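First comes the structure, then the notes that go with it.
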Amino acid sequence: MPTLQQALAQAVAAHEPRISAEVMLARVLGRERSYLYAHPESELTAEQGAQWRQWLDRRAAGGPLQHILGGQEFYGRRFSVGPDVLIPRPETELIVEAALERIPYDQPARIADIGTGSGCIAVTLALERPRAHVIATDVSLAALTRARDNAKTLGANVEFYATDLLAGIAGPFDLVVSNPPYLAESELPDLAPEVRDHEPHVALVAGPEGDEIYRRLIPAARERLRPGGWLILELGYASAQPVRGLLNPAAWRQIEIRRDHQGWDRVLQAQAN
Ligand SMILES: C[S@@+](CC[C@H](N)C(=O)[O-])C[C@H]1O[C@@H](n2cnc3c(N)ncnc32)[C@H](O)[C@@H]1O
């Protein structure tokens, strides 16, 4: 069996970034990463060697590291993920930040998260705003199972519904948030294989044009927001102006678009009239 040093060299030669190779190897051993530096000559057991080989093969086939490790950090908490949900992205934390700015810590509020996936937004808001009543929806039953598990593990009180957007759900809400699918079908082939072949298409693609969910979600949210309540949406690439155009000026005010750390328009906020 290879030594730890050899195992790492093997991974790096297979184009695995050093940092993720170390994280995976430490997980195989059930140790901290520092152990790899302290014991470079220590050998993997046969069982560990088999596990290591299998993980390297999965990575070579484009499998996301988060699927192998089974989780992803989001807003300082670990969410379980798998092929049934989108892996939470760092830019989605901006949705959470914008939402938290709208709801003071000790204010009771009703919040809806549409297309909850792993539950990362809903669970985070429920934990950060303990007096809020948070509901979350998804059309994917597998995603809802994952989200419920995450809520339970993290101790968040969220009501989950299997429904299309907000169908069958009554307002009024103070806040509706969503990171919806926003790609057009034609964009799918151009995605990185790690995303295209390993993340659920229902989480990525909205329809032939890409704006289908925004088109339906904006009026559905407006119907259920109290006057003065906020809609907060994650934006896809170059979608800020088209999505802004979907907001009827008679129904919405204070429309604000915020950029992410890379300078892309990422978060749209609008207040219901
Ligand atoms: C981009 S993912 C976002 C997941 C999670 N909120 C996040 O930010 O990581 C979009 C989610 O919307 C769900 N979805 C797609 N169409 C939907 C619909 N019509 N109604 C409700 N949820 C939908 C997908 O199953 C997926 O979980």
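FYI, nothing fancy with the structure tokens labels: chains A, B, ... in order, residues from 1 per chain, ligands from 1 as they appear.
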Around ligand 1, out to 7 Å and counting only C-alpha atoms and all ligand atoms, which residues are there? I want them as a PyMOL selection string. chain A and resi 85-89+92+114-121+137-140+143+163-165+178-181+202-204+206+213
For region 40-55 of chain A, list every protein, DNA or RNA residue within 12 Å, evaluated using only C-alpha atoms, and leave out those in the same chain fewer than 2 positions away; present the list as an NGL selection string. :A and (1-11 or 14 or 16 or 20-30 or 33-38 or 57-69)
All strand (DSSP E) residues (DSSP, backbone) inside region 90-203 of chain A, as a PyMOL selection string: chain A and resi 109-114+132-138+158-162+173-178+183-184
Measuring atom to atom with only C-alpha atoms, identify which of A:Arg129, A:His201, A:Arg102, A:Arg146 is nearest to Ala270 (chain A).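 Using only C-alpha atoms, the shortest distance to Ala270 (chain A) belongs to A:Arg102.
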Distance CA of Ala238 (chain A)-CA of Leu268 (chain A), one decimal place? 12.3 Å
From A:Glu209, A:Glu199, A:Asp190, A:Glu32, residue lying nearest Asp84 (chain A) [only C-alpha atoms]: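 Closest residue, counting only C-alpha atoms: A:Glu199.
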From region 55-263 of chain A, collect each residue whose DSSP state is alpha helix (DSSP H) and return the set as a ChimeraX atom specification. /A:55-60,65-69,93-102,120-128,141-154,193-196,201-204,212-224,240-244
Here is a test: counting only C-alpha atoms, which residue of A:Leu217, A:Leu247, A:Leu144, A:Leu175 is nearest to Glu101 (chain A)?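 Using only C-alpha atoms, the shortest distance to Glu101 (chain A) belongs to A:Leu175.
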Skipping near chain neighbours, those fewer than 4 positions away, what residues fall within 10 Å of Gly236 (chain A) using only C-alpha atoms, listed as a list in words?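 Everything that qualifies: Asn179, Pro180, Pro181, Tyr182, Leu183, Gly210, Asp211, Ala240, Val243, Trp264, Asp265, Arg266 and Val267 of chain A.
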Could you check which of A:Asp174, A:Glu128, A:Glu159, A:Glu97 is closest to Arg224 (chain A), using only C-alpha atoms?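 Going through A:Asp174, A:Glu128, A:Glu159, A:Glu97 one by one, the smallest distance to Arg224 (chain A) is for A:Asp174.
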